[in-house]
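*Asks:* Pasting in a structure now, in structure tokens, and then I'll have a few things to ask.
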Amino acid sequence: MSELEWWQTAVIYQIYPRSFQDSTSDGIGDLPGITRRLDYLVDLGIDAIWISPFYPSPMADFGYDVADYTDVDPIFGTLTDFDELLATAHHLGLKVIIDIVPNHTSDQHRWFLESRSSRDNPKRDWYVWRDPMPDGSPPNNWLSAFGGGAWEWDETTGQFYLHTFVREQPDLNWRNPDVVEAMHDVYRFWLDRGVDGFRIDVAHRIMKDPDLRDNPPKPGADGTFKSMGAYETQHHIHDMGHPDVHDAYRDLRAVLDSYDPPRVTIGEVHIFDWDEWVRYYGADLDGMHLPGNFTLLYVPWDAGAVRTRVDELEGILPDGAWPNYVLGNHDEPRLATRFGPERARLAAMLLLTLRGTPTLYYGDELGMTEVTIAPEDQQDPWALREPELGRDGCRTPMQWDASGSAGFSDADRASLWLPLTPDQATVNVKVLDQSPTSILTLYRRLLALRRGMSALHQGTYSPIESAADGVFAFERAEGAQQVCVVLNFGDQAVRFVHECVVGAEPLLSTTLRRPNIDGAAVELAANEGLILRLST
Ligand code: NOJ
């Protein structure tokens, strides 16, 4: 196998900076806090961190409304703090990926303040402004992903502007070459500082239909994506993903490729049609390195369904394109709540043994659950418009220990920006590290195994036909090293019988106990997963 890039063999760990570690006792996490906790991440065994936005922001969408792409919000620290974080991470052998939000800015970004100041301002065309329809209504039927319409009326200049998310997040006009250049400068600013890559927020949305045609109606949700309320009543074919989006990412790739050592782009591409999704790699693999693959977040938790999605992905990837998987992030209900504690362990093994780059979400290694936030305490702007879609519950502070504020902050527990999980006294790094069978111990063992075995971090993938109901089994191989992963998705124990089991050495079970192998058969408990090294 040819030499792989660092991001192909890496495990990425997503940090939501408000919630990882507070160093100023204000109840909100910050960059120096992250720096303080890098040792934990090295010890955990991950290779790269992705930090959600930390730029100056009015926090209408907790940092995804950027008011200045080239600075740090005082809540999170300073540019010097960022440089220190980066230098410390590099010193410890960790890569740092930052979040870039190219589709929209904050309405407080100076570009937008200029743009909205008059119709003939030089930056007017940096955003998407349109006249009303003759009856005064918005220019088309597009909806905001966070509820309501996607157009906001501007009294001063007598036009509407487009906002795919909340009205405080006006969409940039990527058809204006000055915008493209300005955004490339933003990427260069961080590349020059030494970041190792970018997670690109809603990457597929930057290019819309140039004629801004209406989206056609969609009768009923099609089940491929979580319910997004009224937003799902349209086919979103004109308000995102116009084919020239691929030119935009080819141009961006050229910017990145001029840097050495190699940097990575990971796009948030919420597209579930494989043919359309795979185009984001670029026609000659000259687009993004990793278009984010969200399929496992929404697939029914069933051996057959998961295998089908994995095989579809493996089948659609052109030669040289690298897969990636994720099971949790700051927009989704917590993994341990979606799946329950046993399945969460199986999910960890699945994520860390499939071929491709996995991304973990902070706290999932502890089995942190979704926190129920009372409606009056919700902070997420989406929740304020559509309460049942709020995302606060998966963004709660990292739980380091059993103390009042979980070691996350010196502030009182009541002053933390979001509450801790009710079981924080037992679900925290310190306690779980003392247990040889905890989920954290399982994550550590999985990460160590994956890093130590080339079959796991870079080997081929071949599904194994299994006679056992509810079992998804596959082989990973690199040179002479062969590993078999057997995952029991069922709530019943099963006996897995296969020739690969003969003479195999059990490496790890999700139960962290030694499995019972008998010739070609191995017993798996309900929801148990097993990694076996095959005899060669
Ligand atoms: C996707 C991000 O993951 C989400 O948190 C954010 O609210 C929207 N993009 C808008 O930037």
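A note on labels: chains of the structure tokens are A, B, ... as shown, every chain counts residues from 1, and ligands are counted from 1 in their shown order.
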Using DSSP on the backbone, list every residue of region 53-161 of chain A that comes out as strand (DSSP E), and give them as a list in words.

*Replies:*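 Result set for region 53-161 of chain A (strand (DSSP E)): Lys95, Val96, Ile97, Ile98, Asp99, Ile100, Trp129, Arg130, Trp151, Glu152, Trp153, Asp154, Gln159, Phe160 and Tyr161 of chain A.
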
*Asks:* Those residues with C-alpha atoms, as a JSON list (two decimals), in the first residue's frame please?

*Replies:*
```
[["chain", "number", "residue", "atom", "x", "y", "z"],
["A", 95, "LYS", "CA", -2.97, 17.94, 14.45],
["A", 96, "VAL", "CA", -5.40, 20.83, 14.71],
["A", 97, "ILE", "CA", -8.37, 21.26, 12.37],
["A", 98, "ILE", "CA", -10.47, 24.39, 12.65],
["A", 99, "ASP", "CA", -14.05, 25.07, 11.63],
["A", 100, "ILE", "CA", -14.62, 27.48, 8.76],
["A", 129, "TRP", "CA", -29.95, 40.82, -2.05],
["A", 130, "ARG", "CA", -33.17, 40.77, -4.09],
["A", 151, "TRP", "CA", -35.47, 35.99, 3.38],
["A", 152, "GLU", "CA", -35.27, 39.00, 5.68],
["A", 153, "TRP", "CA", -36.65, 42.38, 4.71],
["A", 154, "ASP", "CA", -34.27, 45.31, 5.06],
["A", 159, "GLN", "CA", -34.65, 44.70, -0.45],
["A", 160, "PHE", "CA", -34.60, 41.20, 1.03],
["A", 161, "TYR", "CA", -31.41, 39.36, 1.94]]
```

*Asks:* Give one line per residue of chain A that approaches ligand 1 to at most 8 Å, naming the two atoms of the closest pair and their distance in Å to one decimal, counting only C-alpha atoms and all ligand atoms; sort by chain then ascending residue number and deliver it as a Markdown table.

*Replies:*
```
| residue | atom | partner | partner_atom_place_in_ligand_line | distance |
| --- | --- | --- | --- | --- |
| A:Asp61 | CA | ligand 1 | 7 (O) | 5.8 |
| A:Phe62 | CA | ligand 1 | 7 (O) | 7.8 |
| A:Tyr64 | CA | ligand 1 | 11 (O) | 4.5 |
| A:Asp65 | CA | ligand 1 | 11 (O) | 6.7 |
| A:Val101 | CA | ligand 1 | 11 (O) | 6.4 |
| A:Asn103 | CA | ligand 1 | 11 (O) | 7.7 |
| A:His104 | CA | ligand 1 | 11 (O) | 7.4 |
| A:Phe165 | CA | ligand 1 | 10 (C) | 5.9 |
| A:Gln169 | CA | ligand 1 | 11 (O) | 7.9 |
| A:Asp201 | CA | ligand 1 | 1 (C) | 5.4 |
| A:Val202 | CA | ligand 1 | 9 (N) | 5.4 |
| A:Glu268 | CA | ligand 1 | 1 (C) | 7.3 |
| A:Asn329 | CA | ligand 1 | 3 (O) | 7.9 |
| A:His330 | CA | ligand 1 | 5 (O) | 6.3 |
| A:Asp331 | CA | ligand 1 | 5 (O) | 5.5 |
| A:Trp382 | CA | ligand 1 | 7 (O) | 7.9 |
```

*Asks:* Find the distance between CA of Ala525 (chain A) and CA of Leu508 (chain A) and write it in Å to one decimal.

*Replies:*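 Distance reported for this atom pair: 13.6 Å.
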
*Asks:* Would you work out the distance separating CA of Gly503 (chain A) from CA of Leu446 (chain A), expressed in Å to one decimal?

*Replies:*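 Computing the Euclidean distance for CA of Gly503 (chain A) and CA of Leu446 (chain A) yields 21.8 Å.
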
*Asks:* Which residues of region 37-89 of chain A sit at most 12 Å from region 176-188 of chain A, using only C-alpha atoms? Give each one's shortest atom pair and distance in Å (one decimal place), in chain and ascending residue order, as JSON lines.

*Replies:*
```
{"residue": "A:Tyr55", "atom": "CA", "partner": "A:Val186", "partner_atom": "CA", "distance": 11.9}
{"residue": "A:Asp68", "atom": "CA", "partner": "A:Val186", "partner_atom": "CA", "distance": 9.7}
{"residue": "A:Tyr69", "atom": "CA", "partner": "A:Val186", "partner_atom": "CA", "distance": 6.5}
{"residue": "A:Thr70", "atom": "CA", "partner": "A:Val186", "partner_atom": "CA", "distance": 6.6}
{"residue": "A:Asp71", "atom": "CA", "partner": "A:Val186", "partner_atom": "CA", "distance": 10.3}
```

*Asks:* What are the DSSP helix (DSSP H, G or I) residues of region 85-214 of chain A, as a ChimeraX atom specification?

*Replies:* /A:85-91,110-115,124-126,177-193,203-205

*Asks:* For region 424-430 of chain A, find every residue with an atom within 8 Å (counting only C-alpha atoms), except residues of its own chain fewer than 3 positions away, and show them as an MDAnalysis selection string.

*Replies:* chainID A and resid 366:368 399:403 406 420:421 433:434 440

*Asks:* Using CA of Val306 (chain A) and CA of Gly197 (chain A) as the two end points, give the distance in Å to one decimal.

*Replies:*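 Computed distance, CA of Val306 (chain A) to CA of Gly197 (chain A), equals 29.0 Å.
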
*Asks:* Would you mind listing what lies within 10 Å of Asp469 (chain A) as a ChimeraX atom specification, with only C-alpha atoms counted and same-chain residues fewer than 6 positions away left out?

*Replies:* /A:303-304,488-490,492,494-496

*Asks:* Please provide as a VMD selection string all residues within 9 Å of region 10-17 of chain A, with the sequence filter that same-chain residues fewer than 3 positions apart are discarded (counting only C-alpha atoms).

*Replies:* chain A and resid 5 to 7 20 to 22 28 to 31 33 to 34 41 45 to 54 76 95 97 329 to 330 352 356 to 362 395 447 451 457

*Asks:* Name all residues at most 12 Å from Val485 (chain A) (count only C-alpha atoms; drop same-chain ones fewer than 6 positions away) and give them as a ChimeraX atom specification.

*Replies:* /A:346,349-355,446,455-456,461-464,466,471-477,496,498,500-501,504-510,524,528-534

*Asks:* For Phe339 (chain A), please output as an MDAnalysis selection string all residues within 12 Å (counting only C-alpha atoms; exclusion window: fewer than 5 positions along the same chain).

*Replies:* chainID A and resid 297:302 327:328 333:334 344:348 364 367:370 489 527
